[in-house]
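K.L.:
Sharing data-v4.pdb below, PDB, C-alpha atoms:
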ATOM      1  CA  MET A   8      -8.778 -30.043  19.129
ATOM      2  CA  ALA A   9      -9.569 -26.783  20.845
ATOM      3  CA  ARG A  10     -11.703 -23.894  19.790
ATOM      4  CA  VAL A  11     -10.126 -20.447  19.850
ATOM      5  CA  VAL A  12     -11.714 -17.097  19.141
ATOM      6  CA  VAL A  13      -9.711 -14.118  17.939
ATOM      7  CA  ASP A  14     -11.494 -10.775  17.988
ATOM      8  CA  VAL A  15      -9.934  -7.899  16.090
ATOM      9  CA  MET A  16     -11.057  -4.295  16.570
ATOM     10  CA  PRO A  17      -9.898  -0.975  15.145
ATOM     11  CA  LYS A  18      -7.804   0.865  17.741
ATOM     12  CA  PRO A  19      -9.815   3.476  19.677
ATOM     13  CA  GLU A  20      -7.912   6.341  18.054
ATOM     14  CA  ILE A  21      -8.548   5.032  14.519
ATOM     15  CA  LEU A  22     -11.600   6.544  12.858
ATOM     16  CA  ASP A  23     -13.971   3.614  12.220
ATOM     17  CA  VAL A  24     -15.954   4.839   9.242
ATOM     18  CA  GLN A  25     -17.752   1.514   8.764
ATOM     19  CA  GLY A  26     -18.946   1.520  12.368
ATOM     20  CA  GLN A  27     -20.111   5.108  11.936
ATOM     21  CA  ALA A  28     -22.106   4.163   8.844
ATOM     22  CA  VAL A  29     -23.777   1.325  10.761
ATOM     23  CA  SER A  30     -24.559   3.718  13.623
ATOM     24  CA  ARG A  31     -26.233   6.116  11.202
ATOM     25  CA  ALA A  32     -28.225   3.302   9.613
ATOM     26  CA  LEU A  33     -29.554   2.368  13.048
ATOM     27  CA  THR A  34     -31.275   5.733  13.304
ATOM     28  CA  ARG A  35     -33.069   4.899  10.054
ATOM     29  CA  ILE A  36     -34.726   1.899  11.676
ATOM     30  CA  GLY A  37     -35.763   4.122  14.546
ATOM     31  CA  VAL A  38     -33.092   3.252  17.110
ATOM     32  CA  ALA A  39     -31.185   6.120  18.689
ATOM     33  CA  GLY A  40     -28.415   6.237  21.277
ATOM     34  CA  ILE A  41     -26.198   3.459  19.912
ATOM     35  CA  GLU A  42     -22.641   3.903  18.700
ATOM     36  CA  VAL A  43     -21.130   1.001  16.794
ATOM     37  CA  ARG A  44     -17.515   0.039  16.236
ATOM     38  CA  GLN A  45     -16.994  -2.726  13.713
ATOM     39  CA  GLY A  46     -14.317  -5.390  13.874
ATOM     40  CA  LYS A  47     -13.643  -8.980  12.877
ATOM     41  CA  HIS A  48     -14.335 -12.256  14.648
ATOM     42  CA  PHE A  49     -12.252 -15.345  13.795
ATOM     43  CA  GLU A  50     -13.116 -18.885  14.953
ATOM     44  CA  LEU A  51     -10.151 -21.244  14.885
ATOM     45  CA  GLU A  52     -10.181 -25.035  15.229
ATOM     46  CA  VAL A  53      -6.784 -25.590  16.776
ATOM     47  CA  ASP A  54      -4.751 -28.748  17.136
ATOM     48  CA  ASP A  55      -3.730 -29.470  20.761
ATOM     49  CA  SER A  56      -0.093 -29.106  19.792
ATOM     50  CA  VAL A  57      -0.539 -25.367  19.060
ATOM     51  CA  ASP A  58       0.507 -23.306  22.082
ATOM     52  CA  ASP A  59      -0.712 -19.871  23.210
ATOM     53  CA  GLU A  60       2.436 -18.168  22.007
ATOM     54  CA  THR A  61       1.763 -19.367  18.462
ATOM     55  CA  LEU A  62      -1.847 -18.195  18.672
ATOM     56  CA  HIS A  63      -0.755 -14.724  19.739
ATOM     57  CA  ARG A  64       1.836 -14.677  16.977
ATOM     58  CA  ILE A  65      -0.673 -15.473  14.213
ATOM     59  CA  ALA A  66      -3.035 -12.849  15.622
ATOM     60  CA  ALA A  67      -0.315 -10.178  15.548
ATOM     61  CA  ASP A  68       1.283 -11.245  12.262
ATOM     62  CA  LEU A  69      -1.730 -12.019  10.121
ATOM     63  CA  LEU A  70      -5.213 -11.759  11.597
ATOM     64  CA  ALA A  71      -4.675  -8.187  12.848
ATOM     65  CA  ASN A  72      -2.585  -5.262  11.629
ATOM     66  CA  PRO A  73      -0.951  -3.858  14.782
ATOM     67  CA  VAL A  74      -0.723  -0.399  13.188
ATOM     68  CA  ILE A  75      -4.491   0.040  13.218
ATOM     69  CA  GLU A  76      -6.019  -2.836  15.200
ATOM     70  CA  ASP A  77      -6.112  -4.379  18.680
ATOM     71  CA  TRP A  78      -6.959  -8.049  19.250
ATOM     72  CA  THR A  79      -7.824 -10.614  21.900
ATOM     73  CA  VAL A  80      -7.184 -14.358  21.787
ATOM     74  CA  THR A  81      -9.597 -16.512  23.789
ATOM     75  CA  ARG A  82      -9.724 -20.277  24.197
ATOM     76  CA  VAL A  83     -13.411 -21.252  24.426
TER      77      VAL A  83
ATOM     78  CA  MET B  14      21.487  -4.031 -22.216
ATOM     79  CA  SER B  15      18.393  -2.173 -21.162
ATOM     80  CA  THR B  16      17.274  -1.912 -17.575
ATOM     81  CA  ARG B  17      14.842  -4.657 -16.553
ATOM     82  CA  ILE B  18      11.971  -3.728 -14.254
ATOM     83  CA  GLY B  19       9.773  -6.461 -12.783
ATOM     84  CA  VAL B  20       6.005  -6.038 -12.544
ATOM     85  CA  ILE B  21       4.269  -8.464 -10.200
ATOM     86  CA  THR B  22       0.934 -10.098 -10.948
ATOM     87  CA  PHE B  23      -1.142 -11.505  -8.074
ATOM     88  CA  PRO B  24      -4.583 -13.075  -8.449
ATOM     89  CA  GLY B  25      -6.785  -9.974  -8.662
ATOM     90  CA  THR B  26      -4.116  -7.547  -9.869
ATOM     91  CA  LEU B  27      -5.550  -5.059 -12.384
ATOM     92  CA  ASP B  28      -2.867  -2.583 -13.329
ATOM     93  CA  ASP B  29       0.071  -4.816 -14.252
ATOM     94  CA  VAL B  30      -0.486  -4.187 -17.970
ATOM     95  CA  ASP B  31      -0.488  -0.402 -17.563
ATOM     96  CA  ALA B  32       2.522  -0.572 -15.228
ATOM     97  CA  SER B  33       4.431  -2.653 -17.807
ATOM     98  CA  ARG B  34       3.456  -0.146 -20.479
ATOM     99  CA  ALA B  35       4.783   2.711 -18.329
ATOM    100  CA  VAL B  36       8.059   0.815 -17.859
ATOM    101  CA  ARG B  37       8.304   0.399 -21.633
ATOM    102  CA  TYR B  38       7.469   4.085 -22.282
ATOM    103  CA  ALA B  39      10.258   5.040 -19.881
ATOM    104  CA  GLY B  40      12.712   3.048 -21.971
ATOM    105  CA  ALA B  41      13.149  -0.054 -19.822
ATOM    106  CA  GLU B  42      12.216  -3.688 -20.369
ATOM    107  CA  PRO B  43       9.191  -4.846 -18.334
ATOM    108  CA  VAL B  44       9.586  -8.332 -16.836
ATOM    109  CA  ALA B  45       6.461 -10.189 -15.718
ATOM    110  CA  LEU B  46       6.812 -11.613 -12.186
ATOM    111  CA  TRP B  47       4.343 -14.162 -10.825
ATOM    112  CA  HIS B  48       3.101 -14.086  -7.208
ATOM    113  CA  GLY B  49       3.687 -17.804  -6.686
ATOM    114  CA  ASP B  50       7.335 -17.781  -7.781
ATOM    115  CA  HIS B  51      10.389 -17.402  -5.554
ATOM    116  CA  ASP B  52      12.188 -15.687  -8.427
ATOM    117  CA  LEU B  53      12.820 -12.020  -9.225
ATOM    118  CA  ARG B  54      14.394 -13.055 -12.553
ATOM    119  CA  GLY B  55      17.352 -10.782 -11.965
ATOM    120  CA  VAL B  56      15.421  -7.523 -12.370
ATOM    121  CA  ASP B  57      16.935  -4.155 -11.458
ATOM    122  CA  ALA B  58      13.763  -2.798  -9.794
ATOM    123  CA  VAL B  59      10.232  -3.965  -8.986
ATOM    124  CA  VAL B  60       6.787  -2.404  -9.389
ATOM    125  CA  VAL B  61       3.954  -3.779  -7.256
ATOM    126  CA  PRO B  62       0.894  -2.638  -9.201
ATOM    127  CA  GLY B  63      -2.673  -1.887  -8.167
ATOM    128  CA  GLY B  64      -5.816  -3.950  -8.136
ATOM    129  CA  PHE B  65      -7.521  -6.180  -5.602
ATOM    130  CA  SER B  66      -5.000  -8.904  -4.868
ATOM    131  CA  TYR B  67      -6.687 -11.943  -3.315
ATOM    132  CA  GLY B  68      -9.967 -10.013  -3.422
ATOM    133  CA  ASP B  69      -8.787  -7.740  -0.572
ATOM    134  CA  TYR B  70      -9.640 -10.664   1.746
ATOM    135  CA  LEU B  71      -8.715 -10.116   5.418
ATOM    136  CA  ARG B  72      -7.279  -6.637   4.734
ATOM    137  CA  ALA B  73      -6.210  -5.002   1.466
ATOM    138  CA  GLY B  74      -2.732  -6.337   0.714
ATOM    139  CA  ALA B  75      -2.528  -8.646   3.738
ATOM    140  CA  ILE B  76      -2.537 -11.992   1.917
ATOM    141  CA  ALA B  77      -0.422 -10.756  -0.986
ATOM    142  CA  SER B  78       2.241  -9.514   1.430
ATOM    143  CA  LEU B  79       2.917 -13.166   2.329
ATOM    144  CA  ALA B  80       3.091 -14.464  -1.261
ATOM    145  CA  PRO B  81       6.336 -16.243  -2.258
ATOM    146  CA  ILE B  82       7.405 -13.404  -4.590
ATOM    147  CA  MET B  83       7.066 -10.883  -1.733
ATOM    148  CA  ARG B  84       9.628 -12.807   0.340
ATOM    149  CA  GLU B  85      12.044 -12.158  -2.511
ATOM    150  CA  VAL B  86      11.015  -8.496  -2.756
ATOM    151  CA  VAL B  87      11.536  -7.977   0.997
ATOM    152  CA  GLU B  88      14.979  -9.595   0.761
ATOM    153  CA  GLY B  89      15.844  -7.568  -2.335
ATOM    154  CA  ALA B  90      14.702  -4.310  -0.724
ATOM    155  CA  ALA B  91      17.010  -4.970   2.220
ATOM    156  CA  LYS B  92      19.879  -5.002  -0.294
ATOM    157  CA  GLY B  93      18.754  -1.761  -1.956
ATOM    158  CA  LEU B  94      16.480  -3.042  -4.735
ATOM    159  CA  PRO B  95      14.204  -0.113  -5.741
ATOM    160  CA  VAL B  96      10.541  -1.044  -5.179
ATOM    161  CA  LEU B  97       7.480   1.006  -6.129
ATOM    162  CA  GLY B  98       4.031   0.150  -4.746
ATOM    163  CA  ILE B  99       1.032   1.732  -6.438
ATOM    164  CA  CYS B 100      -2.427   1.682  -4.797
ATOM    165  CA  ASN B 101      -2.932  -1.977  -3.808
ATOM    166  CA  GLY B 102       0.826  -2.292  -4.234
ATOM    167  CA  PHE B 103       1.296   0.432  -1.604
ATOM    168  CA  GLN B 104      -1.067  -1.478   0.698
ATOM    169  CA  ILE B 105       0.954  -4.651   0.097
ATOM    170  CA  LEU B 106       4.267  -2.911   0.916
ATOM    171  CA  CYS B 107       2.784  -1.547   4.169
ATOM    172  CA  GLU B 108       1.479  -4.999   5.114
ATOM    173  CA  ALA B 109       4.880  -6.496   4.258
ATOM    174  CA  GLY B 110       6.565  -4.046   6.629
ATOM    175  CA  LEU B 111       8.593  -2.354   3.869
ATOM    176  CA  LEU B 112       6.746   0.923   4.417
ATOM    177  CA  PRO B 113       5.306   2.405   7.624
ATOM    178  CA  GLY B 114       1.639   3.029   8.369
ATOM    179  CA  ALA B 115      -1.509   1.474   6.966
ATOM    180  CA  LEU B 116      -4.253   2.259   4.459
ATOM    181  CA  THR B 117      -7.816   2.291   5.778
ATOM    182  CA  ARG B 118     -11.315   2.828   4.408
ATOM    183  CA  ASN B 119     -11.842   6.253   2.855
ATOM    184  CA  GLU B 120     -13.289   8.811   5.231
ATOM    185  CA  LYS B 121     -16.599   9.051   3.354
ATOM    186  CA  LEU B 122     -16.653   5.305   2.523
ATOM    187  CA  HIS B 123     -16.883   6.077  -1.197
ATOM    188  CA  PHE B 124     -14.754   4.588  -3.932
ATOM    189  CA  VAL B 125     -13.075   7.769  -5.230
ATOM    190  CA  CYS B 126     -12.039   7.915  -8.888
ATOM    191  CA  ARG B 127     -10.758  11.221 -10.222
ATOM    192  CA  ASP B 128      -7.746  13.073 -11.547
ATOM    193  CA  GLN B 129      -5.758  14.300  -8.566
ATOM    194  CA  LYS B 130      -3.069  16.896  -8.183
ATOM    195  CA  LEU B 131      -0.064  15.837  -6.094
ATOM    196  CA  ARG B 132       2.946  17.733  -4.832
ATOM    197  CA  VAL B 133       6.308  15.986  -4.978
ATOM    198  CA  GLU B 134       7.646  16.673  -1.489
ATOM    199  CA  ASN B 135      10.820  14.636  -1.774
ATOM    200  CA  ALA B 136      12.722  14.514  -5.069
ATOM    201  CA  ASP B 137      15.606  12.497  -3.633
ATOM    202  CA  THR B 138      14.041   9.034  -3.612
ATOM    203  CA  ALA B 139      14.863   6.337  -6.151
ATOM    204  CA  TRP B 140      11.490   6.925  -7.827
ATOM    205  CA  THR B 141      11.293  10.746  -7.729
ATOM    206  CA  SER B 142      14.849  11.872  -8.518
ATOM    207  CA  GLY B 143      13.752  13.260 -11.888
ATOM    208  CA  PHE B 144      11.296  15.702 -10.330
ATOM    209  CA  VAL B 145      11.902  19.125  -8.817
ATOM    210  CA  PRO B 146      10.989  19.431  -5.128
ATOM    211  CA  GLY B 147       7.556  21.066  -4.870
ATOM    212  CA  GLU B 148       6.631  20.095  -8.450
ATOM    213  CA  GLU B 149       2.928  19.411  -8.930
ATOM    214  CA  ILE B 150       1.744  16.503 -11.036
ATOM    215  CA  LEU B 151      -1.727  15.367 -12.133
ATOM    216  CA  VAL B 152      -2.463  11.633 -11.971
ATOM    217  CA  PRO B 153      -5.604   9.541 -11.467
ATOM    218  CA  VAL B 154      -6.545   8.281  -8.019
ATOM    219  CA  LYS B 155      -8.996   5.367  -7.698
ATOM    220  CA  ASN B 156      -9.529   3.504  -4.457
ATOM    221  CA  ALA B 157     -11.836   2.825  -1.539
ATOM    222  CA  GLU B 158      -9.102   2.178   1.029
ATOM    223  CA  GLY B 159      -6.620   4.959   0.550
ATOM    224  CA  ARG B 160      -6.757   6.775   3.878
ATOM    225  CA  PHE B 161      -3.181   6.710   5.148
ATOM    226  CA  VAL B 162      -2.808   6.410   8.925
ATOM    227  CA  ALA B 163       0.206   5.896  11.170
ATOM    228  CA  ALA B 164       1.029   6.186  14.866
ATOM    229  CA  PRO B 165       1.835   9.781  15.972
ATOM    230  CA  ASP B 166       5.522   8.921  16.551
ATOM    231  CA  THR B 167       5.774   7.361  13.095
ATOM    232  CA  LEU B 168       4.175  10.420  11.500
ATOM    233  CA  LYS B 169       6.539  12.740  13.306
ATOM    234  CA  ALA B 170       9.519  10.714  12.093
ATOM    235  CA  LEU B 171       8.203  10.574   8.507
ATOM    236  CA  GLU B 172       7.827  14.351   8.393
ATOM    237  CA  ALA B 173      11.156  15.023  10.113
ATOM    238  CA  GLU B 174      13.052  12.675   7.786
ATOM    239  CA  GLY B 175      11.373  13.967   4.631
ATOM    240  CA  ARG B 176       9.825  10.581   3.946
ATOM    241  CA  VAL B 177       6.463  12.012   2.893
ATOM    242  CA  VAL B 178       7.079  11.789  -0.853
ATOM    243  CA  PHE B 179       3.710  12.900  -2.266
ATOM    244  CA  ARG B 180       0.955  15.043  -0.768
ATOM    245  CA  TYR B 181      -2.547  15.660  -2.112
ATOM    246  CA  VAL B 182      -3.106  19.197  -3.389
ATOM    247  CA  GLY B 183      -6.478  20.817  -4.088
ATOM    248  CA  GLY B 184      -8.521  18.484  -1.889
ATOM    249  CA  ASN B 185      -7.779  15.345   0.066
ATOM    250  CA  PRO B 186      -9.706  12.497  -1.630
ATOM    251  CA  ASN B 187      -9.861  10.082   1.290
ATOM    252  CA  GLY B 188      -9.060  11.719   4.626
ATOM    253  CA  SER B 189      -5.398  10.684   4.695
ATOM    254  CA  VAL B 190      -3.579  12.195   7.655
ATOM    255  CA  ALA B 191      -1.601  15.343   6.702
ATOM    256  CA  ASP B 192      -2.787  14.903   3.072
ATOM    257  CA  ILE B 193      -0.221  12.122   2.655
ATOM    258  CA  ALA B 194      -0.482  10.382  -0.730
ATOM    259  CA  GLY B 195       2.827   8.524  -0.694
ATOM    260  CA  VAL B 196       5.773   7.694   1.573
ATOM    261  CA  ALA B 197       9.270   6.264   1.309
ATOM    262  CA  SER B 198      11.401   3.826   3.252
ATOM    263  CA  GLU B 199      14.320   5.144   5.301
ATOM    264  CA  SER B 200      16.675   4.477   2.386
ATOM    265  CA  GLY B 201      14.386   6.188  -0.144
ATOM    266  CA  ARG B 202      14.616   3.082  -2.341
ATOM    267  CA  VAL B 203      11.104   1.823  -1.526
ATOM    268  CA  VAL B 204       8.230   4.192  -2.343
ATOM    269  CA  GLY B 205       4.476   3.658  -2.124
ATOM    270  CA  LEU B 206       1.604   5.890  -3.221
ATOM    271  CA  MET B 207      -2.137   5.505  -3.627
ATOM    272  CA  PRO B 208      -2.589   7.483  -6.887
ATOM    273  CA  HIS B 209      -1.685   5.900 -10.232
ATOM    274  CA  PRO B 210       1.285   7.385 -12.103
ATOM    275  CA  GLU B 211       1.167   4.475 -14.586
ATOM    276  CA  HIS B 212      -2.217   5.797 -15.827
ATOM    277  CA  ALA B 213      -0.720   9.235 -16.606
ATOM    278  CA  ILE B 214       1.990   8.570 -19.173
ATOM    279  CA  ASP B 215       0.395   9.921 -22.353
ATOM    280  CA  LEU B 216      -2.408  12.327 -23.198
ATOM    281  CA  LEU B 217      -4.336   9.714 -25.171
ATOM    282  CA  THR B 218      -5.150   7.651 -22.078
ATOM    283  CA  GLY B 219      -4.416   9.888 -19.085
ATOM    284  CA  PRO B 220      -4.780  13.422 -17.763
ATOM    285  CA  SER B 221      -1.054  14.169 -18.158
ATOM    286  CA  GLU B 222       2.312  12.612 -18.983
ATOM    287  CA  GLN B 223       3.702  13.463 -15.584
ATOM    288  CA  GLY B 224       3.304   9.999 -14.084
ATOM    289  CA  LEU B 225       6.051   8.757 -16.351
ATOM    290  CA  GLY B 226       8.487  10.727 -14.188
ATOM    291  CA  LEU B 227       8.505   7.992 -11.541
ATOM    292  CA  PHE B 228       9.584   5.379 -14.057
ATOM    293  CA  THR B 229      12.233   7.556 -15.732
ATOM    294  CA  SER B 230      13.482   8.582 -12.268
ATOM    295  CA  VAL B 231      14.321   5.016 -11.306
ATOM    296  CA  LEU B 232      16.217   4.545 -14.561
ATOM    297  CA  GLY B 233      18.282   7.601 -13.666
ATOM    298  CA  THR B 234      18.824   6.257 -10.166
ATOM    299  CA  LEU B 235      19.948   2.880 -11.480
ATOM    300  CA  ALA B 236      22.216   4.457 -14.100
ATOM    301  CA  GLY B 237      23.862   6.582 -11.468
ATOM    302  CA  ALA B 238      24.537   3.761  -9.028
ATOM    303  CA  PRO B 239      26.702   0.648  -9.324
ATOM    304  CA  ALA B 240      24.645  -2.507  -9.828
ATOM    305  CA  ALA B 241      23.569  -4.169  -6.570
TER     306      ALA B 241
END
Show me the file's structure as structure tokens.

P.N.:
Amino acid sequence: MARVVVDVMPKPEILDVQGQAVSRALTRIGVAGIEVRQGKHFELEVDDSVDDETLHRIAADLLANPVIEDWTVTRV
Amino acid sequence: MSTRIGVITFPGTLDDVDASRAVRYAGAEPVALWHGDHDLRGVDAVVVPGGFSYGDYLRAGAIASLAPIMREVVEGAAKGLPVLGICNGFQILCEAGLLPGALTRNEKLHFVCRDQKLRVENADTAWTSGFVPGEEILVPVKNAEGRFVAAPDTLKALEAEGRVVFRYVGGNPNGSVADIAGVASESGRVVGLMPHPEHAIDLLTGPSEQGLGLFTSVLGTLAGAPAA
């Protein structure tokens, strides 16, 4: 078994309203100068028989929506 | 024999009852379709209603787009089956690749629930043929993830091909690009919109009767075309 991490982030040109809300909340706890973008982090326990091509396919077909999100697949 | 229109129920669907009622008001027979079945039961058209299928897990519509019944809907749409996606149904059709673009969190992060004026931009689709181009209709909108986005090239093509079917009038409720409330497939047989025409079919329960026009339109479309 291998461990794989897939990180999914809104594309830079997509307005990330959730990240903006988090950024604003930071100022309420007295922290300025931080801009947040919010995404998703998936941890996969992967059978050794699953190749990289399959991992990239599941990231593109299910874990991320290519219209609005970018993703990275990392074996850890 | 009356026209049979399927209405899909997923776990978490809310508006299947109202959608079936709208089908009945329009003069067709509503047919309940179940998400786990590989069977469209021979219907002439399909409505994918609103709600929170699979709890909006992963992304709104993402899990539902892979349900067994959606395989059948995608296959049917390729053969010209008219499909209407409302709210979560629109999100599902985008995730299934039947419609372009995506629906994202509303600009102000609020769940917006109000009566909304829309302009019918394209009265040539399977679901809008009974309207007059430019006609304005009043229907409820209720969602938290209704902000339509698409790549610049996609947007340009949608506008050029007249595939923006509905546009918000009198205030954009969610920050959708170009005030887009609904779009169509290339063929005009598949239409999706965020607002809820099925909640505006009589004055007892809705702000107008104008939503019924989508359901009567498809009956006209089906009557005018040979059976698929």

K.L.:
So that I can check the surroundings of Leu225 of chain B, please list as a PDB file with C-alpha atoms, in the frame of the given file every protein, DNA and RNA residue that reaches within 7 Å of it, counting all atoms listed in the file and ignoring chain neighbours fewer than 2 positions away.

P.N.:
ATOM      1  CA  ALA B  35       4.783   2.711 -18.329  1.00  0.00           C
ATOM      2  CA  ALA B  39      10.258   5.040 -19.881  1.00  0.00           C
ATOM      3  CA  PRO B 210       1.285   7.385 -12.103  1.00  0.00           C
ATOM      4  CA  GLU B 211       1.167   4.475 -14.586  1.00  0.00           C
ATOM      5  CA  ALA B 213      -0.720   9.235 -16.606  1.00  0.00           C
ATOM      6  CA  ILE B 214       1.990   8.570 -19.173  1.00  0.00           C
ATOM      7  CA  GLU B 222       2.312  12.612 -18.983  1.00  0.00           C
ATOM      8  CA  GLN B 223       3.702  13.463 -15.584  1.00  0.00           C
ATOM      9  CA  LEU B 227       8.505   7.992 -11.541  1.00  0.00           C
ATOM     10  CA  PHE B 228       9.584   5.379 -14.057  1.00  0.00           C
ATOM     11  CA  THR B 229      12.233   7.556 -15.732  1.00  0.00           C
TER      12      THR B 229
END

K.L.:
Apply the PyMOL selection byres ((chain A and resi 17) around 10) to the structure shown and report the selected residues as a ChimeraX atom specification.

P.N.:
/A:15-16,18-23,26,44-47,71-78

K.L.:
Can you give me, as a ChimeraX atom specification, the residues this file yields under the PyMOL selection byres ((chain A and resi 54) around 9)?

P.N.:
/A:8-10,52-53,55-57

K.L.:
Return as a count of residues only the residues belonging to chain B that are within 9 Å of chain A, counting all atoms listed in the file.

P.N.:
17

K.L.:
Excluding Asp59 of chain A and its own-chain neighbours fewer than 6 positions away, which residues fall within 12 Å of it when counting all atoms listed in the file? Please give them as a list in words.

P.N.:
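So the residues in contact are Ala9, Val11, Val13, Val53, Ile65, Ala66, Thr79, Val80, Thr81 and Arg82 of chain A.
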
K.L.:
Grab the atom CA of Ala58 of chain B to atom CA of Gly201 of chain B distance for me, in Å with one decimal place.

P.N.:
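Going from atom CA of Ala58 of chain B over to atom CA of Gly201 of chain B, I get 13.2 Å.
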
K.L.:
Just the residues within 8 Å of Ser15 of chain B, please, counting all atoms listed in the file, with nothing from its chain fewer than 5 positions along; format it as an MDAnalysis selection string.

P.N.:
chainID B and resid 40:42

K.L.:
Restricting the output to C-alpha atoms, write the selected residues as a compact mmCIF listing (two decimals), in the coordinates of the input.

P.N.:
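Output saved as selection.txt:
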# COMPACT_ATOMS: atom_id res chain seq x y z
CA GLY B 40 12.71 3.05 -21.97
CA ALA B 41 13.15 -0.05 -19.82
CA GLU B 42 12.22 -3.69 -20.37

K.L.:
Measure the distance from atom CA of Arg84 of chain B to atom CA of Thr16 of chain B in Å and round it to one decimal.

P.N.:
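Separation between atom CA of Arg84 of chain B and atom CA of Thr16 of chain B: 22.3 Å.
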
K.L.:
Please provide the set of residues having any atom within 10 Å of Gly40 of chain A, restricted to only C-alpha atoms, with same-chain residues fewer than 5 positions apart removed, written as a PyMOL selection string.

P.N.:
chain A and resi 30+33-34

K.L.:
May I ask for the distance between atom CA of Ser198 of chain B and atom CA of Pro95 of chain B, given in Å to one decimal place?

P.N.:
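Those two atoms sit 10.2 Å apart.
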
K.L.:
Find, counting all atoms listed in the file, the residue in A:Arg31, A:Val83, A:Arg64, A:His48 that gets nearest to Asp14 of chain A.

P.N.:
A:His48

K.L.:
Go through B:Ala236, B:Leu131, B:Ala139, B:Val177 and flag the residue nearest Ala90 of chain B, using all atoms listed in the file for the distances.

P.N.:
B:Ala139

K.L.:
Can you tell me, as AutoDock Vina command-line options, the centre and edge lengths (Å, one decimal) of the axis-aligned box enclosing all of segment 13-20 of chain A's listed atoms after padding each side by 6 Å?

P.N.:
--center_x -9.6 --center_y -3.9 --center_z 17.4 --size_x 15.7 --size_y 32.5 --size_z 16.5

K.L.:
With all atoms listed in the file as the basis for distance, which of B:Asp31, B:Glu88, B:Glu134, B:Asp215 is at the shortest distance from Gly63 of chain B?

P.N.:
B:Asp31

K.L.:
What would the selection look like, as a PyMOL selection string, if the PyMOL selection byres ((chain B and resi 67) around 9) were run on the coordinates I just shared?

P.N.:
chain B and resi 23-26+65-66+68-70+73-77

K.L.:
Under the rule that all atoms listed in the file are counted, which of B:Ile150, B:Met83, B:Ala136, B:Val20 is the nearest residue to Arg37 of chain B?

P.N.:
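That would be B:Val20, the residue with the smallest distance to Arg37 of chain B.
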
K.L.:
Nearest to Glu149 of chain B among B:Val182, B:Leu106, B:Leu94, B:Ile18, with distances taken over all atoms listed in the file: which residue is it?

P.N.:
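Answer, going by the shortest atom-to-atom distance: B:Val182.
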